[in-house]
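Novice: Got a structure for you, upload-v7.pdb, holding PDB, C-alpha atoms.
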MODEL        1
ATOM      1  CA  MET A 118     -67.235 192.706  57.457
ATOM      2  CA  LYS A 119     -67.328 194.915  60.543
ATOM      3  CA  ASN A 120     -68.090 191.897  62.703
ATOM      4  CA  ARG A 121     -65.134 190.078  61.232
ATOM      5  CA  LYS A 122     -62.786 193.014  61.966
ATOM      6  CA  LEU A 123     -64.153 193.244  65.498
ATOM      7  CA  PHE A 124     -63.615 189.525  65.981
ATOM      8  CA  LEU A 125     -60.011 189.750  64.735
ATOM      9  CA  THR A 126     -59.312 192.737  66.973
ATOM     10  CA  ILE A 127     -60.633 190.938  70.053
ATOM     11  CA  LEU A 128     -58.670 187.814  69.089
ATOM     12  CA  LEU A 129     -55.388 189.743  68.739
ATOM     13  CA  ILE A 130     -55.920 191.512  72.068
ATOM     14  CA  SER A 131     -56.638 188.172  73.746
ATOM     15  CA  ILE A 132     -53.490 186.616  72.265
ATOM     16  CA  GLY A 133     -51.442 189.621  73.412
ATOM     17  CA  LEU A 134     -52.750 189.369  76.966
ATOM     18  CA  PHE A 135     -52.131 185.624  77.028
ATOM     19  CA  CYS A 136     -48.548 186.042  75.842
ATOM     20  CA  SER A 137     -47.939 188.802  78.373
ATOM     21  CA  CYS A 138     -49.195 186.632  81.228
ATOM     22  CA  SER A 139     -47.132 183.680  80.021
ATOM     23  CA  ILE A 140     -43.952 185.761  79.965
ATOM     24  CA  LYS A 141     -44.575 187.012  83.508
ATOM     25  CA  ALA A 142     -45.380 183.510  84.742
ATOM     26  CA  SER A 143     -42.178 182.115  83.265
ATOM     27  CA  SER A 144     -39.898 184.858  84.658
ATOM     28  CA  PRO A 145     -37.140 183.306  86.827
ATOM     29  CA  GLN A 146     -37.511 183.587  90.582
ATOM     30  CA  THR A 147     -34.996 185.867  92.258
ATOM     31  CA  ILE A 148     -32.215 184.140  94.194
ATOM     32  CA  ALA A 149     -31.785 185.363  97.785
ATOM     33  CA  TYR A 150     -28.246 185.446  99.193
ATOM     34  CA  TYR A 151     -27.195 185.157 102.844
ATOM     35  CA  VAL A 152     -24.005 185.622 104.881
ATOM     36  CA  LEU A 153     -22.730 184.892 108.375
ATOM     37  CA  ASP A 154     -22.446 188.004 110.510
ATOM     38  CA  TYR A 155     -21.983 188.728 114.203
ATOM     39  CA  GLU A 156     -20.296 191.223 116.483
ATOM     40  CA  GLN A 157     -16.689 190.505 117.334
ATOM     41  CA  PRO A 158     -16.520 188.246 120.418
ATOM     42  CA  ASP A 159     -15.973 190.034 123.714
ATOM     43  CA  ILE A 160     -12.594 188.537 124.644
ATOM     44  CA  LEU A 161     -10.808 189.536 127.861
ATOM     45  CA  PRO A 162      -7.495 191.379 127.313
ATOM     46  CA  GLN A 163      -4.356 189.291 127.747
ATOM     47  CA  GLN A 164      -0.646 189.838 127.301
ATOM     48  CA  VAL A 165       0.271 189.869 123.604
ATOM     49  CA  LEU A 166       2.291 186.814 122.607
ATOM     50  CA  PRO A 167       5.339 187.202 120.331
ATOM     51  CA  VAL A 168       3.608 185.021 117.760
ATOM     52  CA  THR A 169       2.994 185.740 114.091
ATOM     53  CA  LEU A 170       0.127 183.614 112.854
ATOM     54  CA  SER A 171      -0.881 182.727 109.295
ATOM     55  CA  LEU A 172      -4.432 181.605 108.673
ATOM     56  CA  GLU A 173      -4.605 179.349 105.650
ATOM     57  CA  LYS A 174      -7.927 179.406 103.817
ATOM     58  CA  PHE A 175     -10.025 176.599 105.229
ATOM     59  CA  ARG A 176     -11.425 173.781 103.141
ATOM     60  CA  THR A 177     -15.011 172.557 103.193
ATOM     61  CA  ALA A 178     -15.960 168.901 103.287
ATOM     62  CA  SER A 179     -18.357 167.514 100.722
ATOM     63  CA  PRO A 180     -21.344 167.972 100.362
ATOM     64  CA  TYR A 181     -21.098 171.431 101.953
ATOM     65  CA  ASN A 182     -18.484 172.842  99.536
ATOM     66  CA  SER A 183     -21.081 174.831  97.629
ATOM     67  CA  LYS A 184     -22.816 178.198  97.873
ATOM     68  CA  ARG A 185     -26.188 176.453  97.866
ATOM     69  CA  ILE A 186     -27.697 176.031 101.329
ATOM     70  CA  VAL A 187     -27.823 172.407 102.477
ATOM     71  CA  TYR A 188     -30.656 171.049 104.598
ATOM     72  CA  SER A 189     -31.380 167.607 105.979
ATOM     73  CA  LYS A 190     -34.564 165.982 107.258
ATOM     74  CA  ASN A 191     -32.829 162.807 108.452
ATOM     75  CA  ARG A 192     -29.316 161.473 108.876
ATOM     76  CA  TYR A 193     -29.341 159.562 105.581
ATOM     77  CA  SER A 194     -30.447 162.255 103.137
ATOM     78  CA  GLN A 195     -29.589 165.845 102.289
ATOM     79  CA  ASN A 196     -30.890 168.404  99.822
ATOM     80  CA  LYS A 197     -30.011 171.909  98.660
ATOM     81  CA  TYR A 198     -32.177 174.988  98.274
ATOM     82  CA  PHE A 199     -32.069 176.466  94.789
ATOM     83  CA  TYR A 200     -33.372 180.000  95.368
ATOM     84  CA  ASN A 201     -31.617 180.484  98.727
ATOM     85  CA  GLN A 202     -27.833 180.531  98.603
ATOM     86  CA  TRP A 203     -24.766 181.723 100.494
ATOM     87  CA  MET A 204     -23.055 184.843  99.186
ATOM     88  CA  ALA A 205     -19.691 183.073  99.632
ATOM     89  CA  ALA A 206     -18.591 179.479 100.163
ATOM     90  CA  PRO A 207     -18.613 178.224 103.785
ATOM     91  CA  ASP A 208     -14.801 177.999 103.973
ATOM     92  CA  GLU A 209     -14.444 181.634 102.861
ATOM     93  CA  MET A 210     -16.923 182.930 105.426
ATOM     94  CA  VAL A 211     -15.459 180.872 108.284
ATOM     95  CA  SER A 212     -11.830 181.732 107.420
ATOM     96  CA  ASN A 213     -12.506 185.459 107.090
ATOM     97  CA  LEU A 214     -14.478 185.707 110.313
ATOM     98  CA  LEU A 215     -11.906 183.737 112.281
ATOM     99  CA  ALA A 216      -9.074 185.901 110.917
ATOM    100  CA  ARG A 217     -11.027 189.016 111.879
ATOM    101  CA  ASP A 218     -11.630 187.728 115.413
ATOM    102  CA  LEU A 219      -8.012 186.607 115.905
ATOM    103  CA  THR A 220      -6.814 190.063 114.893
ATOM    104  CA  ALA A 221      -9.365 191.831 117.097
ATOM    105  CA  SER A 222      -8.402 189.707 120.123
ATOM    106  CA  ASN A 223      -5.024 191.525 120.316
ATOM    107  CA  ARG A 224      -3.448 188.398 121.765
ATOM    108  CA  PHE A 225      -0.957 187.779 118.972
ATOM    109  CA  GLN A 226       1.731 189.988 117.484
ATOM    110  CA  THR A 227       0.465 189.576 113.914
ATOM    111  CA  VAL A 228      -2.358 187.697 112.203
ATOM    112  CA  VAL A 229      -2.230 187.228 108.437
ATOM    113  CA  ASN A 230      -5.157 185.865 106.446
ATOM    114  CA  SER A 231      -2.909 183.837 104.131
ATOM    115  CA  ASP A 232      -0.078 181.322 104.324
ATOM    116  CA  ASP A 233       2.695 183.888 104.702
ATOM    117  CA  PRO A 234       6.178 182.275 104.715
ATOM    118  CA  LEU A 235       7.461 184.846 107.233
ATOM    119  CA  THR A 236       5.090 183.923 110.069
ATOM    120  CA  SER A 237       6.050 181.658 112.955
ATOM    121  CA  HIS A 238       2.832 179.604 113.092
ATOM    122  CA  LEU A 239       0.219 178.320 110.677
ATOM    123  CA  LEU A 240      -3.434 177.556 111.295
ATOM    124  CA  ARG A 241      -5.174 175.122 108.955
ATOM    125  CA  GLY A 242      -8.754 173.973 109.121
ATOM    126  CA  THR A 243     -11.769 172.338 107.533
ATOM    127  CA  VAL A 244     -15.464 173.063 107.726
ATOM    128  CA  ASP A 245     -16.776 169.567 108.405
ATOM    129  CA  GLU A 246     -20.494 170.363 108.722
ATOM    130  CA  PHE A 247     -22.454 173.428 107.660
ATOM    131  CA  TYR A 248     -26.161 172.800 107.232
ATOM    132  CA  GLU A 249     -29.758 173.128 108.369
ATOM    133  CA  GLN A 250     -31.062 170.168 110.369
ATOM    134  CA  ASP A 251     -34.847 169.882 110.137
ATOM    135  CA  THR A 252     -36.766 167.716 112.581
ATOM    136  CA  ASP A 253     -40.465 167.543 113.395
ATOM    137  CA  ASN A 254     -40.050 169.562 116.573
ATOM    138  CA  GLN A 255     -37.059 171.788 115.912
ATOM    139  CA  TRP A 256     -34.886 173.200 113.126
ATOM    140  CA  ASN A 257     -31.189 173.543 113.985
ATOM    141  CA  ALA A 258     -28.061 175.045 112.502
ATOM    142  CA  VAL A 259     -25.135 172.602 112.570
ATOM    143  CA  LEU A 260     -21.553 173.877 112.338
ATOM    144  CA  SER A 261     -18.461 171.740 112.818
ATOM    145  CA  VAL A 262     -14.894 173.006 112.344
ATOM    146  CA  THR A 263     -11.561 171.205 112.763
ATOM    147  CA  ILE A 264      -8.292 173.114 113.139
ATOM    148  CA  ILE A 265      -4.603 172.166 113.114
ATOM    149  CA  LEU A 266      -1.990 174.478 114.656
ATOM    150  CA  ILE A 267       1.531 174.176 113.221
ATOM    151  CA  ASN A 268       4.829 175.569 114.502
ATOM    152  CA  LYS A 269       6.728 176.587 111.369
ATOM    153  CA  MET A 270       9.856 177.467 113.354
ATOM    154  CA  GLU A 271      10.386 173.861 114.471
ATOM    155  CA  ASN A 272      13.051 172.172 112.338
ATOM    156  CA  ASP A 273      11.932 168.674 113.248
ATOM    157  CA  LYS A 274       8.865 168.164 111.043
ATOM    158  CA  THR A 275       7.551 165.430 113.330
ATOM    159  CA  LYS A 276       7.218 168.047 116.082
ATOM    160  CA  GLN A 277       5.676 170.848 114.025
ATOM    161  CA  PHE A 278       2.076 169.832 114.773
ATOM    162  CA  ILE A 279       1.073 171.449 118.048
ATOM    163  CA  PHE A 280      -2.528 170.282 118.306
ATOM    164  CA  GLN A 281      -5.602 169.279 116.335
ATOM    165  CA  LYS A 282      -9.114 169.849 117.635
ATOM    166  CA  ASN A 283     -12.723 169.708 116.471
ATOM    167  CA  TYR A 284     -15.386 172.221 117.487
ATOM    168  CA  LYS A 285     -19.068 171.563 116.935
ATOM    169  CA  LYS A 286     -22.113 173.655 117.768
ATOM    170  CA  ILE A 287     -25.808 173.007 117.177
ATOM    171  CA  HIS A 288     -27.996 176.105 117.455
ATOM    172  CA  PRO A 289     -31.812 176.188 117.229
ATOM    173  CA  LEU A 290     -33.362 178.441 114.591
ATOM    174  CA  ASP A 291     -35.571 181.232 115.908
ATOM    175  CA  GLN A 292     -37.188 181.386 112.451
ATOM    176  CA  LYS A 293     -37.736 178.384 110.192
ATOM    177  CA  ASN A 294     -36.306 180.040 107.096
ATOM    178  CA  PRO A 295     -32.882 180.832 105.557
ATOM    179  CA  LYS A 296     -32.574 184.071 107.516
ATOM    180  CA  GLY A 297     -33.077 182.128 110.735
ATOM    181  CA  LEU A 298     -30.427 179.641 109.588
ATOM    182  CA  ALA A 299     -27.921 182.410 108.810
ATOM    183  CA  HIS A 300     -28.461 183.909 112.266
ATOM    184  CA  ALA A 301     -28.135 180.574 114.081
ATOM    185  CA  LEU A 302     -24.975 179.618 112.167
ATOM    186  CA  SER A 303     -23.549 183.055 112.944
ATOM    187  CA  MET A 304     -24.100 182.483 116.667
ATOM    188  CA  ALA A 305     -22.476 179.053 116.388
ATOM    189  CA  MET A 306     -19.484 180.536 114.570
ATOM    190  CA  SER A 307     -19.116 183.250 117.196
ATOM    191  CA  GLU A 308     -18.881 180.644 119.966
ATOM    192  CA  ILE A 309     -16.482 178.429 118.018
ATOM    193  CA  SER A 310     -14.256 181.393 117.127
ATOM    194  CA  SER A 311     -14.001 182.456 120.772
ATOM    195  CA  GLN A 312     -13.044 178.937 121.851
ATOM    196  CA  ILE A 313     -10.449 178.561 119.088
ATOM    197  CA  ILE A 314      -8.788 181.833 120.077
ATOM    198  CA  LYS A 315      -8.693 180.783 123.739
ATOM    199  CA  ASP A 316      -7.246 177.350 122.940
ATOM    200  CA  ILE A 317      -4.539 178.721 120.641
ATOM    201  CA  TYR A 318      -3.540 181.345 123.194
ATOM    202  CA  ASP A 319      -3.481 178.898 126.114
ATOM    203  CA  GLU A 320      -1.337 176.487 124.108
ATOM    204  CA  LEU A 321       1.190 179.023 122.847
ATOM    205  CA  LYS A 322       1.628 180.932 126.097
ATOM    206  CA  GLN A 323       3.124 177.759 127.591
ATOM    207  CA  VAL A 324       5.967 177.841 125.087
ATOM    208  CA  PRO A 325       9.107 179.335 126.692
TER     209      PRO A 325
ENDMDL
END
For the structure just supplied, provide its representation as structure tokens.
Specialist:
Amino acid sequence: MKNRKLFLTILLISIGLFCSCSIKASSPQTIAYYVLDYEQPDILPQQVLPVTLSLEKFRTASPYNSKRIVYSKNRYSQNKYFYNQWMAAPDEMVSNLLARDLTASNRFQTVVNSDDPLTSHLLRGTVDEFYEQDTDNQWNAVLSVTIILINKMENDKTKQFIFQKNYKKIHPLDQKNPKGLAHALSMAMSEISSQIIKDIYDELKQVP
């Protein structure tokens, strides 16, 4: 009888340990979130233009319009990480950073991070590429952005479009992981933002 009780006790303990291990093994893996971040570009002071600029929220081209991080091992296939994701969608991060940098440049009278009807100009854009490019020798961050600058004060709608331009940067990853990707994309965005600000300013300062 005692042996039977001992056997049952050992059996119950074994079942309890097994269940405990199974629960731990089946616990979901934590999702890690990443953002773009960089210091505001060091832009040389210029005369402030009497321009009020609205920045419409950018759009993101498929398949990058997702918070999941996209990576590609060749030009014909792409995949997405499941446990590594962006904290915000690519268009939100790009739009917010560009609005911040335009404001900090002090080159325009007002910058509004929305399509405000009272502003004189509107900036639209798309995030065309936003992914990790993996090759045998090097991993790169690929960022491509297209903008359209519109003069809202022009009555002739055929003349409202001032210019359209694409900006593309490919930055090598210093670490082959999502953190390295976030850093490389941040550096790419910093360079693109600086160039966009320069191009908009150079274009609008020519207007009498």
Novice: Just the residues within 8 Å of Ala149 in chain A, please, counting only C-alpha atoms, with nothing from its chain fewer than 2 positions along; format it as a short mmCIF file (atom, residue, chain, number, x, y, z; two decimals) with C-alpha atoms, keeping the file's coordinate frame.
Specialist:
data_model
loop_
_atom_site.label_atom_id
_atom_site.label_comp_id
_atom_site.auth_asym_id
_atom_site.auth_seq_id
_atom_site.Cartn_x
_atom_site.Cartn_y
_atom_site.Cartn_z
CA THR A 147 -35.00 185.87 92.26
CA TYR A 151 -27.20 185.16 102.84
CA TYR A 200 -33.37 180.00 95.37
CA ASN A 201 -31.62 180.48 98.73
CA GLN A 202 -27.83 180.53 98.60
#
Novice: Apply the PyMOL selection byres ((chain A and resi 168-176) around 10) to the structure shown and report the selected residues as JSON, numbers by chain.
Specialist: {"A": [165, 166, 167, 177, 178, 179, 182, 206, 207, 208, 209, 210, 211, 212, 213, 215, 216, 219, 220, 224, 225, 226, 227, 228, 229, 230, 231, 232, 233, 234, 235, 236, 237, 238, 239, 240, 241, 242, 243, 244, 245, 262, 263, 264, 266, 267, 268, 269, 318, 321, 322]}
Novice: Measure the distance from CA of Val324 in chain A to CA of Asn223 in chain A in Å and round it to one decimal.
Specialist: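 One can read the CA of Val324 in chain A to CA of Asn223 in chain A distance as 18.2 Å.
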Novice: Near range 286-292 of chain A, within 10 Å and counting all atoms listed in the file, which residues show up once chain neighbours fewer than 5 positions away are dropped, as a ChimeraX atom specification?
Specialist: /A:246,248-251,255-262,297-306,308-309
Novice: Hey, which of A:Gln164, A:Ser189, A:Gln146, A:Ser311 ends up closest to Phe247 in chain A? Count all atoms listed in the file.
Specialist: A:Ser189
Novice: How far is it from CA of Asn191 in chain A to CA of Ser310 in chain A, in Å with one decimal?
Specialist: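 Taking CA of Asn191 in chain A and CA of Ser310 in chain A, their separation equals 27.7 Å.
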Novice: Work out how far CA of Ile313 in chain A is from CA of Lys190 in chain A, in Å to one decimal.
Specialist: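 Calculated distance between CA of Lys190 in chain A and CA of Ile313 in chain A is 29.7 Å.
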Novice: Once the PyMOL selection byres ((chain A and resi 158) around 10) is applied to the coordinates I shared, what remains selected? I want it as a PDB file with C-alpha atoms, in the coordinates of the input.
Specialist:
ATOM      1  CA  TYR A 155     -21.983 188.728 114.203  1.00  0.00           C
ATOM      2  CA  GLU A 156     -20.296 191.223 116.483  1.00  0.00           C
ATOM      3  CA  GLN A 157     -16.689 190.505 117.334  1.00  0.00           C
ATOM      4  CA  ASP A 159     -15.973 190.034 123.714  1.00  0.00           C
ATOM      5  CA  ILE A 160     -12.594 188.537 124.644  1.00  0.00           C
ATOM      6  CA  LEU A 161     -10.808 189.536 127.861  1.00  0.00           C
ATOM      7  CA  ASP A 218     -11.630 187.728 115.413  1.00  0.00           C
ATOM      8  CA  LEU A 219      -8.012 186.607 115.905  1.00  0.00           C
ATOM      9  CA  ALA A 221      -9.365 191.831 117.097  1.00  0.00           C
ATOM     10  CA  SER A 222      -8.402 189.707 120.123  1.00  0.00           C
ATOM     11  CA  SER A 307     -19.116 183.250 117.196  1.00  0.00           C
ATOM     12  CA  GLU A 308     -18.881 180.644 119.966  1.00  0.00           C
ATOM     13  CA  SER A 310     -14.256 181.393 117.127  1.00  0.00           C
ATOM     14  CA  SER A 311     -14.001 182.456 120.772  1.00  0.00           C
TER      15      SER A 311
END
Novice: To box range 179-183 of chain A, take all atoms listed in the file, fit an axis-aligned box, add 5 Å on each side, and give centre and edge lengths in Å to one decimal, as JSON.
Specialist:
{"center_x": -19.9, "center_y": 171.2, "center_z": 99.8, "size_x": 13.0, "size_y": 17.3, "size_z": 14.3}
Novice: Which residue, A:Lys285, A:Ala205, A:Gln163, A:Lys276, has the smallest gap to Ile314 in chain A when you use only C-alpha atoms?
Specialist: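 Looking at the shortest contact to Ile314 in chain A, the residue is A:Gln163.
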Novice: Tell me which residues the PyMOL selection byres ((chain A and resi 185) around 8) grabs here, as an NGL selection string.
Specialist: :A and (183-184 or 186-187 or 197-199 or 201-203)
Novice: Give me range 236-249 of chain A from this structure - all heavy atoms, as a short mmCIF file (atom, residue, chain, number, x, y, z; two decimals), in the first residue's frame.
Specialist:
data_model
loop_
_atom_site.label_atom_id
_atom_site.label_comp_id
_atom_site.auth_asym_id
_atom_site.auth_seq_id
_atom_site.Cartn_x
_atom_site.Cartn_y
_atom_site.Cartn_z
N THR A 236 -2.27 77.21 -45.38
CA THR A 236 -0.87 77.32 -45.79
C THR A 236 -0.76 77.61 -47.29
O THR A 236 -1.67 77.33 -48.07
CB THR A 236 -0.10 76.04 -45.46
OG1 THR A 236 -0.77 74.91 -46.06
CG2 THR A 236 -0.02 75.83 -43.96
N SER A 237 0.40 78.13 -47.67
CA SER A 237 0.61 78.51 -49.07
C SER A 237 1.09 77.35 -49.94
O SER A 237 0.87 77.34 -51.15
CB SER A 237 1.62 79.66 -49.15
OG SER A 237 2.88 79.26 -48.61
N HIS A 238 1.77 76.37 -49.32
CA HIS A 238 2.33 75.26 -50.08
C HIS A 238 2.04 73.93 -49.38
O HIS A 238 1.87 73.88 -48.16
CB HIS A 238 3.84 75.43 -50.26
CG HIS A 238 4.21 76.59 -51.14
ND1 HIS A 238 4.13 77.91 -50.71
CD2 HIS A 238 4.66 76.63 -52.43
CE1 HIS A 238 4.52 78.70 -51.70
NE2 HIS A 238 4.84 77.96 -52.74
N LEU A 239 2.03 72.89 -50.20
CA LEU A 239 1.75 71.54 -49.69
C LEU A 239 2.83 70.58 -50.16
O LEU A 239 3.24 70.61 -51.33
CB LEU A 239 0.39 71.06 -50.19
CG LEU A 239 -0.01 69.61 -49.88
CD1 LEU A 239 -0.16 69.41 -48.37
CD2 LEU A 239 -1.29 69.24 -50.60
N LEU A 240 3.29 69.76 -49.23
CA LEU A 240 4.28 68.72 -49.57
C LEU A 240 3.63 67.35 -49.41
O LEU A 240 3.17 67.00 -48.32
CB LEU A 240 5.50 68.83 -48.67
CG LEU A 240 6.67 67.89 -49.01
CD1 LEU A 240 7.29 68.29 -50.36
CD2 LEU A 240 7.73 67.92 -47.92
N ARG A 241 3.60 66.60 -50.49
CA ARG A 241 3.10 65.23 -50.48
C ARG A 241 4.26 64.28 -50.74
O ARG A 241 5.26 64.66 -51.33
CB ARG A 241 2.03 65.02 -51.55
CG ARG A 241 0.71 65.72 -51.26
CD ARG A 241 -0.27 65.52 -52.40
NE ARG A 241 -1.56 66.13 -52.10
CZ ARG A 241 -2.50 66.38 -53.00
NH1 ARG A 241 -2.29 66.08 -54.27
NH2 ARG A 241 -3.65 66.94 -52.64
N GLY A 242 4.09 63.03 -50.33
CA GLY A 242 5.17 62.09 -50.58
C GLY A 242 4.77 60.65 -50.39
O GLY A 242 3.71 60.34 -49.81
N THR A 243 5.63 59.76 -50.87
CA THR A 243 5.45 58.32 -50.68
C THR A 243 6.77 57.70 -50.25
O THR A 243 7.85 58.16 -50.67
CB THR A 243 4.97 57.62 -51.97
OG1 THR A 243 5.92 57.87 -53.02
CG2 THR A 243 3.61 58.12 -52.40
N VAL A 244 6.68 56.71 -49.41
CA VAL A 244 7.84 55.89 -49.07
C VAL A 244 7.83 54.72 -50.03
O VAL A 244 7.00 53.83 -49.93
CB VAL A 244 7.77 55.41 -47.61
CG1 VAL A 244 9.00 54.57 -47.26
CG2 VAL A 244 7.66 56.59 -46.66
N ASP A 245 8.72 54.74 -51.00
CA ASP A 245 8.71 53.75 -52.08
C ASP A 245 9.42 52.45 -51.69
O ASP A 245 9.03 51.37 -52.13
CB ASP A 245 9.37 54.34 -53.34
CG ASP A 245 8.69 55.61 -53.79
OD1 ASP A 245 7.45 55.62 -53.91
OD2 ASP A 245 9.39 56.61 -54.01
N GLU A 246 10.48 52.57 -50.89
CA GLU A 246 11.23 51.40 -50.44
C GLU A 246 11.66 51.63 -49.00
O GLU A 246 12.09 52.73 -48.63
CB GLU A 246 12.46 51.15 -51.32
CG GLU A 246 12.14 50.78 -52.76
CD GLU A 246 13.39 50.65 -53.61
OE1 GLU A 246 13.99 51.71 -53.92
OE2 GLU A 246 13.78 49.52 -53.94
N PHE A 247 11.58 50.54 -48.21
CA PHE A 247 11.90 50.67 -46.78
C PHE A 247 12.16 49.25 -46.28
O PHE A 247 11.28 48.60 -45.73
CB PHE A 247 10.70 51.29 -46.05
CG PHE A 247 10.99 51.77 -44.65
CD1 PHE A 247 11.42 53.06 -44.42
CD2 PHE A 247 10.80 50.93 -43.57
CE1 PHE A 247 11.66 53.51 -43.13
CE2 PHE A 247 11.04 51.37 -42.28
CZ PHE A 247 11.48 52.66 -42.06
N TYR A 248 13.40 48.77 -46.50
CA TYR A 248 13.63 47.36 -46.18
C TYR A 248 15.11 47.05 -45.95
O TYR A 248 15.98 47.89 -46.20
CB TYR A 248 13.07 46.47 -47.28
CG TYR A 248 13.84 46.48 -48.60
CD1 TYR A 248 14.74 45.46 -48.91
CD2 TYR A 248 13.66 47.50 -49.53
CE1 TYR A 248 15.43 45.46 -50.12
CE2 TYR A 248 14.34 47.51 -50.73
CZ TYR A 248 15.22 46.48 -51.02
OH TYR A 248 15.92 46.48 -52.21
N GLU A 249 15.33 45.83 -45.50
CA GLU A 249 16.68 45.30 -45.27
C GLU A 249 17.06 44.43 -46.47
O GLU A 249 16.36 43.49 -46.81
CB GLU A 249 16.69 44.47 -43.99
CG GLU A 249 17.99 43.74 -43.70
CD GLU A 249 17.82 42.82 -42.50
OE1 GLU A 249 17.54 43.33 -41.39
OE2 GLU A 249 17.92 41.58 -42.67
#
